[in-house]
>>> print(open('input-v7.csv').read())   # CSV, C-alpha atoms and all ligand atoms
chain,number,residue,atom,x,y,z
A,21,MET,CA,0.0,0.0,0.0
A,22,GLY,CA,1.4,3.4,-1.0
A,23,PRO,CA,1.6,6.3,1.4
A,24,THR,CA,-1.6,8.2,1.9
A,25,GLU,CA,-2.0,11.9,2.7
A,26,LEU,CA,-1.8,12.8,6.4
A,27,ASN,CA,-5.0,14.4,7.7
A,28,LEU,CA,-3.7,17.0,10.2
A,29,GLN,CA,-7.2,17.4,11.7
A,30,ALA,CA,-7.9,13.6,12.2
A,31,ASP,CA,-4.7,11.5,12.2
A,32,VAL,CA,-2.2,11.2,15.1
A,33,HIS,CA,0.9,13.0,13.9
A,34,ARG,CA,3.9,15.0,15.2
A,35,ARG,CA,4.9,18.5,14.3
A,36,LEU,CA,8.3,20.2,14.4
A,37,ASN,CA,8.9,23.4,16.4
A,38,PRO,CA,11.6,25.1,14.3
A,39,LEU,CA,12.5,27.5,17.1
A,40,SER,CA,13.3,24.7,19.6
A,41,GLY,CA,14.0,21.7,17.4
A,42,GLU,CA,11.4,19.7,19.5
A,43,TRP,CA,8.6,17.6,18.1
A,44,VAL,CA,5.1,17.8,19.5
A,45,LEU,CA,2.7,14.9,19.3
A,46,VAL,CA,-0.8,15.9,18.2
A,47,SER,CA,-3.7,13.5,18.9
A,48,PRO,CA,-6.8,15.2,17.5
A,49,GLN,CA,-9.2,12.3,18.3
A,50,ARG,CA,-8.5,12.5,22.0
A,51,THR,CA,-10.7,15.5,22.9
A,52,ALA,CA,-13.7,13.3,23.8
A,53,ARG,CA,-12.1,11.7,26.8
A,54,PRO,CA,-13.8,12.3,30.2
A,55,TRP,CA,-12.3,14.4,33.0
A,56,GLN,CA,-12.7,13.4,36.7
A,57,GLY,CA,-9.5,15.1,37.9
A,58,GLN,CA,-8.6,18.3,39.5
A,59,LEU,CA,-10.8,21.4,39.0
A,60,GLU,CA,-9.2,24.8,39.4
A,61,GLU,CA,-10.8,27.4,41.6
A,62,HIS,CA,-12.4,30.3,39.7
A,63,VAL,CA,-10.7,33.4,41.2
A,64,GLN,CA,-12.8,36.6,40.9
A,65,PRO,CA,-11.0,39.7,39.6
A,66,SER,CA,-10.5,42.5,42.1
A,67,ALA,CA,-13.0,45.2,42.2
A,68,LEU,CA,-10.7,47.7,43.9
A,69,ALA,CA,-8.9,50.4,41.9
A,70,HIS,CA,-6.5,50.7,44.8
A,71,ASP,CA,-6.1,47.9,47.3
A,72,PRO,CA,-4.7,49.0,50.7
A,73,SER,CA,-3.3,45.5,51.3
A,74,CYS,CA,-1.5,45.2,47.9
A,75,TYR,CA,2.3,45.6,47.9
A,76,LEU,CA,2.3,46.8,44.3
A,77,CYS,CA,-0.3,49.6,44.6
A,78,PRO,CA,1.0,53.2,44.7
A,79,GLY,CA,1.8,54.6,48.1
A,80,ASN,CA,1.8,51.1,49.8
A,81,ARG,CA,4.6,49.5,51.7
A,82,ARG,CA,6.2,46.5,50.1
A,83,ALA,CA,7.2,43.2,51.9
A,84,GLY,CA,10.8,44.4,52.0
A,85,GLY,CA,9.7,47.6,53.9
A,86,VAL,CA,10.1,50.2,51.0
A,87,VAL,CA,7.1,52.4,50.3
A,88,ASN,CA,6.1,52.6,46.6
A,89,PRO,CA,5.9,56.2,45.1
A,90,ASP,CA,2.5,57.6,44.0
A,91,TYR,CA,3.2,56.4,40.5
A,92,LEU,CA,0.8,57.4,37.7
A,93,SER,CA,2.0,55.2,34.8
A,94,THR,CA,4.3,52.2,34.8
A,95,PHE,CA,6.6,51.6,37.8
A,96,VAL,CA,9.8,49.5,37.9
A,97,PHE,CA,11.6,48.5,41.1
A,98,ASP,CA,14.4,46.0,42.0
A,99,ASN,CA,12.8,42.8,43.2
A,100,ASP,CA,13.0,42.7,47.0
A,101,PHE,CA,13.6,38.9,46.8
A,102,PRO,CA,15.8,38.5,43.7
A,103,ALA,CA,16.8,35.2,42.2
A,104,LEU,CA,20.0,36.8,40.7
A,105,ARG,CA,22.4,39.3,42.1
A,106,ALA,CA,24.6,41.9,40.4
A,107,GLN,CA,27.6,41.0,42.5
A,108,GLY,CA,27.8,37.2,41.8
A,109,THR,CA,31.0,35.2,41.9
A,110,PRO,CA,32.2,34.7,38.3
A,111,ALA,CA,34.2,31.6,39.2
A,112,GLU,CA,33.6,28.2,37.6
A,113,VAL,CA,33.7,25.0,39.6
A,114,HIS,CA,34.7,21.8,37.8
A,115,VAL,CA,34.8,19.3,40.6
A,116,HIS,CA,34.5,16.7,37.9
A,117,SER,CA,33.2,16.7,34.3
A,118,LEU,CA,29.9,15.4,35.7
A,119,LEU,CA,29.8,17.9,38.5
A,120,GLN,CA,30.0,21.3,36.8
A,121,ALA,CA,28.8,24.6,38.2
A,122,GLN,CA,29.2,28.3,37.3
A,123,GLY,CA,28.7,31.5,39.2
A,124,GLU,CA,26.0,33.6,37.7
A,125,ARG,CA,25.2,37.3,37.9
A,126,GLY,CA,22.1,39.2,37.0
A,127,LEU,CA,19.3,41.6,38.1
A,128,CYS,CA,15.7,41.0,38.8
A,129,ARG,CA,13.1,43.8,38.5
A,130,VAL,CA,9.3,44.0,38.9
A,131,LEU,CA,7.3,46.1,36.5
A,132,CYS,CA,3.8,47.4,37.6
A,133,TYR,CA,1.8,47.9,34.4
A,134,SER,CA,-0.5,50.5,35.8
A,135,PRO,CA,-1.3,52.2,39.1
A,136,ARG,CA,-4.8,50.6,38.8
A,137,HIS,CA,-5.0,47.4,40.8
A,138,ASP,CA,-8.2,46.2,39.1
A,139,LEU,CA,-7.1,46.4,35.4
A,140,THR,CA,-5.8,43.6,33.2
A,141,LEU,CA,-3.8,44.0,30.0
A,142,GLY,CA,-7.0,43.6,28.0
A,143,GLN,CA,-8.9,46.3,30.0
A,144,MET,CA,-6.0,48.8,30.0
A,145,PRO,CA,-6.3,51.7,27.5
A,146,LEU,CA,-4.0,51.4,24.4
A,147,THR,CA,-2.0,54.3,25.7
A,148,GLY,CA,-1.3,52.3,28.9
A,149,ILE,CA,-0.2,49.2,27.1
A,150,ARG,CA,2.0,51.4,24.9
A,151,GLU,CA,3.6,52.7,28.1
A,152,VAL,CA,4.3,49.1,29.2
A,153,ILE,CA,6.0,48.4,25.8
A,154,ASP,CA,8.0,51.6,26.1
A,155,THR,CA,9.1,50.6,29.5
A,156,TRP,CA,10.1,47.1,28.3
A,157,ALA,CA,12.2,48.9,25.6
A,158,THR,CA,13.9,51.4,27.9
A,159,GLN,CA,14.7,48.7,30.4
A,160,THR,CA,16.1,46.5,27.6
A,161,VAL,CA,18.4,49.4,26.5
A,162,SER,CA,19.6,50.4,29.9
A,163,LEU,CA,20.1,46.9,31.3
A,164,GLY,CA,21.7,45.7,28.0
A,165,ARG,CA,24.4,48.3,28.5
A,166,GLU,CA,25.7,46.6,31.7
A,167,PRO,CA,28.7,44.5,30.7
A,168,PHE,CA,27.4,41.5,32.8
A,169,VAL,CA,24.0,41.5,31.2
A,170,ASN,CA,23.9,39.3,28.1
A,171,ALA,CA,20.3,38.3,28.1
A,172,ILE,CA,17.1,40.0,29.2
A,173,THR,CA,14.0,37.9,30.0
A,174,ILE,CA,10.7,39.9,30.2
A,175,PHE,CA,7.8,37.9,31.4
A,176,GLU,CA,4.4,37.9,33.2
A,177,ASN,CA,2.8,35.2,35.3
A,178,ARG,CA,-0.9,35.9,35.3
A,179,GLY,CA,-3.4,34.2,37.6
A,180,ALA,CA,-2.8,32.1,40.6
A,181,MET,CA,-2.8,29.0,38.4
A,182,MET,CA,0.4,30.2,36.8
A,183,GLY,CA,2.0,31.2,40.1
A,184,ALA,CA,1.2,35.0,40.1
A,185,SER,CA,1.5,36.2,43.6
A,186,ASN,CA,-0.8,39.2,43.3
A,187,ALA,CA,-3.7,40.4,41.1
A,188,HIS,CA,-2.2,43.8,40.5
A,189,PRO,CA,-1.2,43.9,36.7
A,190,HIS,CA,2.6,43.3,36.8
A,191,GLY,CA,5.4,41.5,35.2
A,192,GLN,CA,9.1,40.8,35.8
A,193,ILE,CA,12.4,41.4,34.1
A,194,TRP,CA,15.4,39.1,34.8
A,195,THR,CA,18.8,39.5,33.3
A,196,ASN,CA,21.6,36.9,32.9
A,197,GLN,CA,25.3,36.8,32.4
A,198,HIS,CA,25.1,33.4,30.7
A,199,LEU,CA,22.4,32.9,28.1
A,200,PRO,CA,19.5,30.9,29.5
A,201,ASN,CA,18.5,27.6,27.9
A,202,GLU,CA,15.5,28.8,25.8
A,203,VAL,CA,17.5,31.7,24.5
A,204,ILE,CA,20.5,29.5,23.5
A,205,CYS,CA,18.1,27.2,21.7
A,206,GLU,CA,16.2,29.9,19.8
A,207,SER,CA,19.5,31.7,19.0
A,208,ASP,CA,21.0,28.5,17.5
A,209,ARG,CA,17.9,27.6,15.5
A,210,GLN,CA,17.4,31.2,14.1
A,211,ALA,CA,21.1,31.5,13.2
A,212,ARG,CA,21.0,28.1,11.4
A,213,HIS,CA,17.9,29.2,9.4
A,214,LEU,CA,19.6,32.4,8.3
A,215,ARG,CA,22.8,30.5,7.3
A,216,GLU,CA,20.9,27.8,5.4
A,217,HIS,CA,18.2,30.0,3.7
A,218,GLY,CA,19.7,33.5,3.7
A,219,SER,CA,16.5,34.8,5.4
A,220,CYS,CA,15.0,35.2,8.9
A,221,LEU,CA,13.1,32.2,10.3
A,222,LEU,CA,10.3,34.2,11.8
A,223,CYS,CA,10.0,36.7,8.9
A,224,ASP,CA,9.5,33.6,6.6
A,225,TYR,CA,7.1,32.0,9.1
A,226,SER,CA,4.9,35.0,9.7
A,227,ALA,CA,4.6,35.6,5.9
A,228,LEU,CA,3.7,31.9,5.4
A,229,GLU,CA,1.0,32.0,8.2
A,230,LEU,CA,-0.5,35.3,7.0
A,231,ASP,CA,-0.8,33.8,3.5
A,232,ARG,CA,-2.5,30.7,4.8
A,233,GLY,CA,-4.7,32.4,7.4
A,234,GLU,CA,-5.8,29.2,9.3
A,235,ARG,CA,-3.8,29.8,12.4
A,236,ILE,CA,-4.1,33.6,12.6
A,237,VAL,CA,-5.9,35.0,15.7
A,238,CYS,CA,-5.6,38.7,14.9
A,239,ALA,CA,-3.3,41.0,13.0
A,240,ASN,CA,-2.8,44.6,11.9
A,241,GLU,CA,-0.4,46.1,9.3
A,242,ASP,CA,2.7,45.7,11.6
A,243,PHE,CA,2.0,42.8,14.1
A,244,VAL,CA,0.4,39.4,14.1
A,245,ALA,CA,-0.8,37.0,16.8
A,246,LEU,CA,-1.2,33.4,15.8
A,247,VAL,CA,-1.4,29.9,17.2
A,248,PRO,CA,1.9,28.4,16.0
A,249,PHE,CA,1.8,25.2,13.9
A,250,TRP,CA,3.8,23.5,16.7
A,251,ALA,CA,1.8,24.9,19.7
A,252,VAL,CA,2.1,22.7,22.8
A,253,TRP,CA,-0.2,24.5,25.3
A,254,PRO,CA,-3.9,24.3,24.2
A,255,PHE,CA,-4.3,28.0,23.4
A,256,GLU,CA,-0.6,28.9,23.0
A,257,THR,CA,0.1,31.9,20.8
A,258,LEU,CA,3.0,33.7,19.2
A,259,VAL,CA,3.0,37.5,18.7
A,260,LEU,CA,5.5,39.0,16.3
A,261,PRO,CA,6.3,42.0,14.2
A,262,ARG,CA,5.6,41.5,10.4
A,263,ARG,CA,8.8,43.4,9.5
A,264,HIS,CA,12.1,42.4,10.9
A,265,ALA,CA,13.1,43.6,14.3
A,266,GLY,CA,15.6,41.9,16.7
A,267,ALA,CA,14.6,43.7,19.9
A,268,LEU,CA,12.0,46.1,21.3
A,269,ASP,CA,14.1,49.2,20.9
A,270,GLN,CA,14.2,48.6,17.1
A,271,LEU,CA,10.4,49.2,17.0
A,272,ASP,CA,9.4,52.7,16.0
A,273,ALA,CA,6.3,54.5,17.4
A,274,ARG,CA,4.0,53.0,14.8
A,275,GLY,CA,5.4,49.5,15.5
A,276,ARG,CA,4.9,49.9,19.2
A,277,ASP,CA,1.3,51.1,18.8
A,278,ALA,CA,0.6,48.1,16.5
A,279,PHE,CA,2.1,45.8,19.2
A,280,ALA,CA,-0.1,47.4,21.9
A,281,GLN,CA,-3.2,46.9,19.7
A,282,VAL,CA,-2.5,43.2,19.0
A,283,LEU,CA,-1.7,42.6,22.7
A,284,LYS,CA,-4.9,44.2,23.8
A,285,GLU,CA,-7.0,42.3,21.2
A,286,LEU,CA,-5.4,39.0,22.0
A,287,ALA,CA,-5.9,39.5,25.8
A,288,ARG,CA,-9.5,40.4,25.3
A,289,ARG,CA,-10.1,37.2,23.2
A,290,TYR,CA,-8.4,35.1,25.9
A,291,ASP,CA,-10.6,36.7,28.6
A,292,ALA,CA,-13.7,36.1,26.5
A,293,LEU,CA,-12.9,32.4,25.8
A,294,PHE,CA,-13.9,31.1,29.2
A,295,ASP,CA,-15.4,34.3,30.5
A,296,MET,CA,-12.6,34.9,33.1
A,297,VAL,CA,-9.3,36.7,33.5
A,298,PHE,CA,-7.4,34.1,31.5
A,299,PRO,CA,-4.3,32.8,33.2
A,300,TYR,CA,-1.0,32.5,31.3
A,301,THR,CA,2.7,32.9,31.4
A,302,MET,CA,3.8,35.3,28.7
A,303,GLY,CA,7.2,36.4,27.8
A,304,VAL,CA,9.1,38.6,25.3
A,305,HIS,CA,12.1,37.1,23.5
A,306,GLN,CA,14.6,39.3,21.9
A,307,GLN,CA,18.2,39.1,20.7
A,308,PRO,CA,20.9,38.7,23.4
A,309,THR,CA,22.7,41.9,24.5
A,310,ASP,CA,26.2,40.2,24.3
A,311,GLY,CA,27.3,42.4,21.4
A,312,GLN,CA,27.4,39.3,19.0
A,313,GLY,CA,25.2,40.7,16.2
A,314,HIS,CA,22.5,38.0,16.1
A,315,ALA,CA,21.2,39.0,12.7
A,316,GLY,CA,18.8,36.0,12.6
A,317,TRP,CA,17.0,37.0,15.8
A,318,HIS,CA,13.4,38.1,15.4
A,319,LEU,CA,11.6,39.7,18.4
A,320,HIS,CA,8.5,37.8,19.5
A,321,ALA,CA,6.2,37.1,22.5
A,322,HIS,CA,5.0,33.7,23.6
A,323,PHE,CA,1.8,33.2,25.5
A,324,TYR,CA,1.5,29.9,27.3
A,325,PRO,CA,-1.9,29.5,28.9
A,326,PRO,CA,-2.6,26.3,30.9
A,327,LEU,CA,-6.4,26.1,30.4
A,328,LEU,CA,-7.7,23.3,28.3
A,329,ARG,CA,-11.5,23.0,28.0
A,330,SER,CA,-13.0,25.4,30.6
A,331,SER,CA,-12.1,27.9,33.3
A,332,THR,CA,-11.6,25.0,35.7
A,333,VAL,CA,-9.9,22.3,33.7
A,334,ARG,CA,-6.2,22.8,32.9
A,335,LYS,CA,-3.6,20.9,30.9
A,336,PHE,CA,-1.0,19.1,33.0
A,337,MET,CA,2.5,18.7,31.6
A,338,VAL,CA,3.1,15.4,33.3
A,339,GLY,CA,3.7,11.7,32.4
A,340,TYR,CA,4.5,11.5,28.7
A,341,GLU,CA,5.4,15.2,28.6
A,342,MET,CA,8.0,14.8,31.4
A,343,LEU,CA,9.3,11.5,30.2
A,344,ALA,CA,9.1,11.7,26.4
A,345,GLY,CA,8.0,14.9,24.9
A,346,PRO,CA,5.1,17.5,24.5
A,347,GLN,CA,1.7,16.3,23.4
A,348,ARG,CA,-1.6,18.0,22.7
A,349,ASP,CA,-5.1,16.9,21.9
A,350,PHE,CA,-7.2,19.3,19.7
A,351,THR,CA,-5.3,20.9,16.9
A,352,PRO,CA,-3.7,24.4,16.8
A,353,GLU,CA,-6.0,25.2,13.9
A,354,ALA,CA,-9.1,24.4,16.1
A,355,ALA,CA,-7.6,26.6,18.9
A,356,ALA,CA,-7.0,29.5,16.5
A,357,ALA,CA,-10.6,29.2,15.2
A,358,ARG,CA,-12.0,29.3,18.8
A,359,LEU,CA,-9.9,32.4,19.6
A,360,ARG,CA,-11.0,34.1,16.3
A,361,GLU,CA,-14.7,33.5,17.3
A,362,GLN,CA,-14.4,35.5,20.5
A,363,PRO,CA,-15.5,39.1,20.7
A,364,CYS,CA,-12.7,41.6,21.4
A,401,LIG,P1,4.9,37.2,40.6
A,401,LIG,O1,3.6,37.6,40.9
A,401,LIG,O2,5.1,36.8,39.1
A,401,LIG,O3,5.5,36.2,41.5
A,401,LIG,O4,5.9,38.5,40.7
A,401,LIG,C1,5.9,39.2,41.9
A,401,LIG,C2,7.4,39.5,42.3
A,401,LIG,O5,7.4,40.6,43.2
A,401,LIG,C3,8.0,38.3,43.0
A,401,LIG,O6,9.2,38.0,42.2
A,401,LIG,C4,8.4,40.4,44.1
A,401,LIG,C5,8.4,38.9,44.3
A,401,LIG,O7,9.7,38.5,44.7
A,401,LIG,N1,8.0,41.2,45.3
A,401,LIG,C6,8.8,42.2,45.7
A,401,LIG,O8,9.9,42.4,45.1
A,401,LIG,N2,8.4,43.0,46.8
A,401,LIG,C7,7.3,42.7,47.5
A,401,LIG,O9,7.0,43.5,48.4
A,401,LIG,C8,6.5,41.6,47.2
A,401,LIG,C9,6.8,40.8,46.0
A,402,ZN,ZN,-2.4,46.7,43.7
>>> encode(input="input-v7.csv", output="C-alpha cells")
Amino acid sequence: MGPTELNLQADVHRRLNPLSGEWVLVSPQRTARPWQGQLEEHVQPSALAHDPSCYLCPGNRRAGGVVNPDYLSTFVFDNDFPALRAQGTPAEVHVHSLLQAQGERGLCRVLCYSPRHDLTLGQMPLTGIREVIDTWATQTVSLGREPFVNAITIFENRGAMMGASNAHPHGQIWTNQHLPNEVICESDRQARHLREHGSCLLCDYSALELDRGERIVCANEDFVALVPFWAVWPFETLVLPRRHAGALDQLDARGRDAFAQVLKELARRYDALFDMVFPYTMGVHQQPTDGQGHAGWHLHAHFYPPLLRSSTVRKFMVGYEMLAGPQRDFTPEAAAARLREQPC
C-alpha cells in the first residue's frame, strides 16, 4: 500500500517546532475523553482600583519595607527577593566533568503595568499598554548596556494557576550573564535558518502564516498574533512583528502602537474564551545583549496559557510530557478558530 495523505485534523501525527527543534505529538481524536480530575478554583477579579493590602499599589509598603511612590503610569523596582544578584561570583567549579557549576550574575526587576489594581492587560487603554511596551524597551536598552547583562527575559505570570502572587497587573524582568536555555536554543535555530536559507526564520514563518490564514488570531499592518503550527499548550500563541526587528528598541512609534493593539485584542479574546481573567505565562524574547550581532533573531512574544477545556480544567504537563515529549489533543487550527470567534 502506498503512502496516503496525512490528515492533520484527524490523524495522530507529530509537528516540528523550528524554534526549539522539538517535536510535539498531536492527537486530535482525544478531545472526547472524560475528566474526573482536579478542577481549578475560579478566582474573581479584584473590584478595587486601589487595594490597601496590595504591595504593588501606589503609596503602599512592600514586603521588604520600601514604600512605593505615588506612580501614575508604569513603575519599575528592583525585586526585593531577587533570584539573581549583580555581584555574583564569576568563578567556575569543575569538581568533575559530571559535576559542573558556574557562578551567575544578574538583576531582577518588577514592573507594575499601571497604578490601577483592578485592570488587566485587555482592560487597559491602548496608551497604557504602549507605556508598558516603552518601559520594556527602555529597560532593555539600559540593562543591556551593563557588561554583565547578556540576556534579558521579560515575562508575566498571570493568575494564581500560573504562580502569580498578586492580582495587580505586573510582570518581571530578569537578566543573565550566561544565556538561559531557551535563548540559547532559539539563537542557534534562528542562526541556522539564516545560514541555510539566507533569510530570517520568523520573517519567513509569519509571511507563510499570513498567507494561509488558518492559524491567525488577529493582525494589523505591523504585528500578528497566531497559534503556532507546533503549539504545545492548548491555546498557546506567538505574537510577532511582520517586519524584521531583533529587539524592542528597534520598533518605531508605529510598530509599538501596533504591538499594543494586538496585545490588547489577544488579551480580550483570551478573557472572553472562558469568561474569566485568562491565566497564562507570557514572555518577550529578543536578541541577546552580548554584542554578538545575532542577525537571525526576530523579536516575539510567547503566550503559554494552561487552560484546556473550561475555566476549571487545565492541561497538566506530566507523564508522557515529562518523560518523552510534549503532546496536545485538539489541533492548533481548532484553537485559532476558537480564539477568532471570541468578541474583542
Ligand atoms: P509574581 O507575581 O510573578 O510572583 O511576581 C511578583 C514579584 O514581586 C516576585 O518575584 C516580588 C516577588 O519577589 N515582590 C517584591 O519584590 N516585593 C514585595 O513586596 C512583594 C513581591
Ligand atoms: Zn495593587
>>> closest_residue(input="input-v7.csv", among="A:Pro308, A:Gly345, A:Pro352, A:Pro65", to="A:Glu234", atoms="all atoms listed in the file")
A:Pro352
>>> atom_distance(input="input-v7.csv", atom1="atom CA of A:Ser66", atom2="atom C7 of ligand LIG 401 (chain A)")
18.6 Å
>>> residues_near_ligand(input="input-v7.csv", ligand="ligand LIG 401 (chain A)", cutoff="9 Å", atoms="all atoms listed in the file", output="ChimeraX atom specification")
/A:74-76,81-86,97-103,128-131,175-180,182-192,301
>>> closest_residue(input="input-v7.csv", among="A:Ala67, A:Val297, A:Ile172, A:Ala292", to="ligand ZN 402 (chain A)", atoms="all atoms listed in the file")
A:Ala67
>>> atom_distance(input="input-v7.csv", atom1="atom CA of A:Glu353", atom2="atom CA of A:Trp250")
10.3 Å
>>> closest_residue(input="input-v7.csv", among="A:Glu229, A:Glu60, A:Asp269, A:Asp90", to="ligand ZN 402 (chain A)", atoms="all atoms listed in the file")
A:Asp90
>>> atom_distance(input="input-v7.csv", atom1="atom CA of A:Leu258", atom2="atom CA of A:Tyr324")
9.1 Å
>>> residues_around(input="input-v7.csv", residues="A:Leu59", least_positions_apart="5", cutoff="10 Å", atoms="only C-alpha atoms", output="PyMOL selection string")
chain A and resi 330-334
>>> write_last_selection(input="input-v7.csv", atoms="C-alpha atoms", output="mmCIF file, keeping the file's coordinate frame")
data_model
loop_
_atom_site.group_PDB
_atom_site.id
_atom_site.type_symbol
_atom_site.label_atom_id
_atom_site.label_comp_id
_atom_site.auth_asym_id
_atom_site.auth_seq_id
_atom_site.Cartn_x
_atom_site.Cartn_y
_atom_site.Cartn_z
ATOM 1 C CA SER A 330 -13.000 25.400 30.600
ATOM 2 C CA SER A 331 -12.100 27.900 33.300
ATOM 3 C CA THR A 332 -11.600 25.000 35.700
ATOM 4 C CA VAL A 333 -9.900 22.300 33.700
ATOM 5 C CA ARG A 334 -6.200 22.800 32.900
#
>>> residues_around(input="input-v7.csv", residues="A:Ile174", least_positions_apart="4", cutoff="6 Å", atoms="only C-alpha atoms", output="VMD selection string")
chain A and resid 192 to 193 303 to 304
>>> write_last_selection(input="input-v7.csv", atoms="C-alpha atoms", output="PDB file, in the frame of the given file")
ATOM      1  CA  GLN A 192       9.100  40.800  35.800  1.00  0.00           C
ATOM      2  CA  ILE A 193      12.400  41.400  34.100  1.00  0.00           C
ATOM      3  CA  GLY A 303       7.200  36.400  27.800  1.00  0.00           C
ATOM      4  CA  VAL A 304       9.100  38.600  25.300  1.00  0.00           C
TER       5      VAL A 304
END
>>> closest_residue(input="input-v7.csv", among="A:Met144, A:Asp310, A:Gln29, A:Ala171", to="A:Asn201", atoms="all atoms listed in the file")
A:Ala171
>>> residues_around(input="input-v7.csv", residues="stretch 278-285 of chain A", least_positions_apart="2", cutoff="6 Å", atoms="all atoms listed in the file", output="ChimeraX atom specification")
/A:142,149-150,242-243,275-276,287-288,364
>>> closest_residue(input="input-v7.csv", among="A:Arg232, A:Ile153, A:Trp194, A:His314", to="A:Arg215", atoms="all atoms listed in the file")
A:His314
>>> residues_near_point(input="input-v7.csv", point="(21.6, 32.5, 28.9)", cutoff="10 Å", atoms="all atoms listed in the file", output="ChimeraX atom specification")
/A:124,169-173,195-205,308
>>> closest_residue(input="input-v7.csv", among="A:Asp291, A:Trp253, A:Gly316, A:Arg360", to="A:Ala239", atoms="only C-alpha atoms")
A:Arg360
>>> residues_around(input="input-v7.csv", residues="A:Ala30", least_positions_apart="4", cutoff="10 Å", atoms="all atoms listed in the file", output="list in words")
Leu26, Val46, Ser47, Pro48, Gln49, Arg50, Phe350 and Thr351 of chain A
>>> residues_around(input="input-v7.csv", residues="A:Leu260", least_positions_apart="2", cutoff="9 Å", atoms="only C-alpha atoms", output="PyMOL selection string")
chain A and resi 222-223+226+242-246+258+262-263+279+318-321
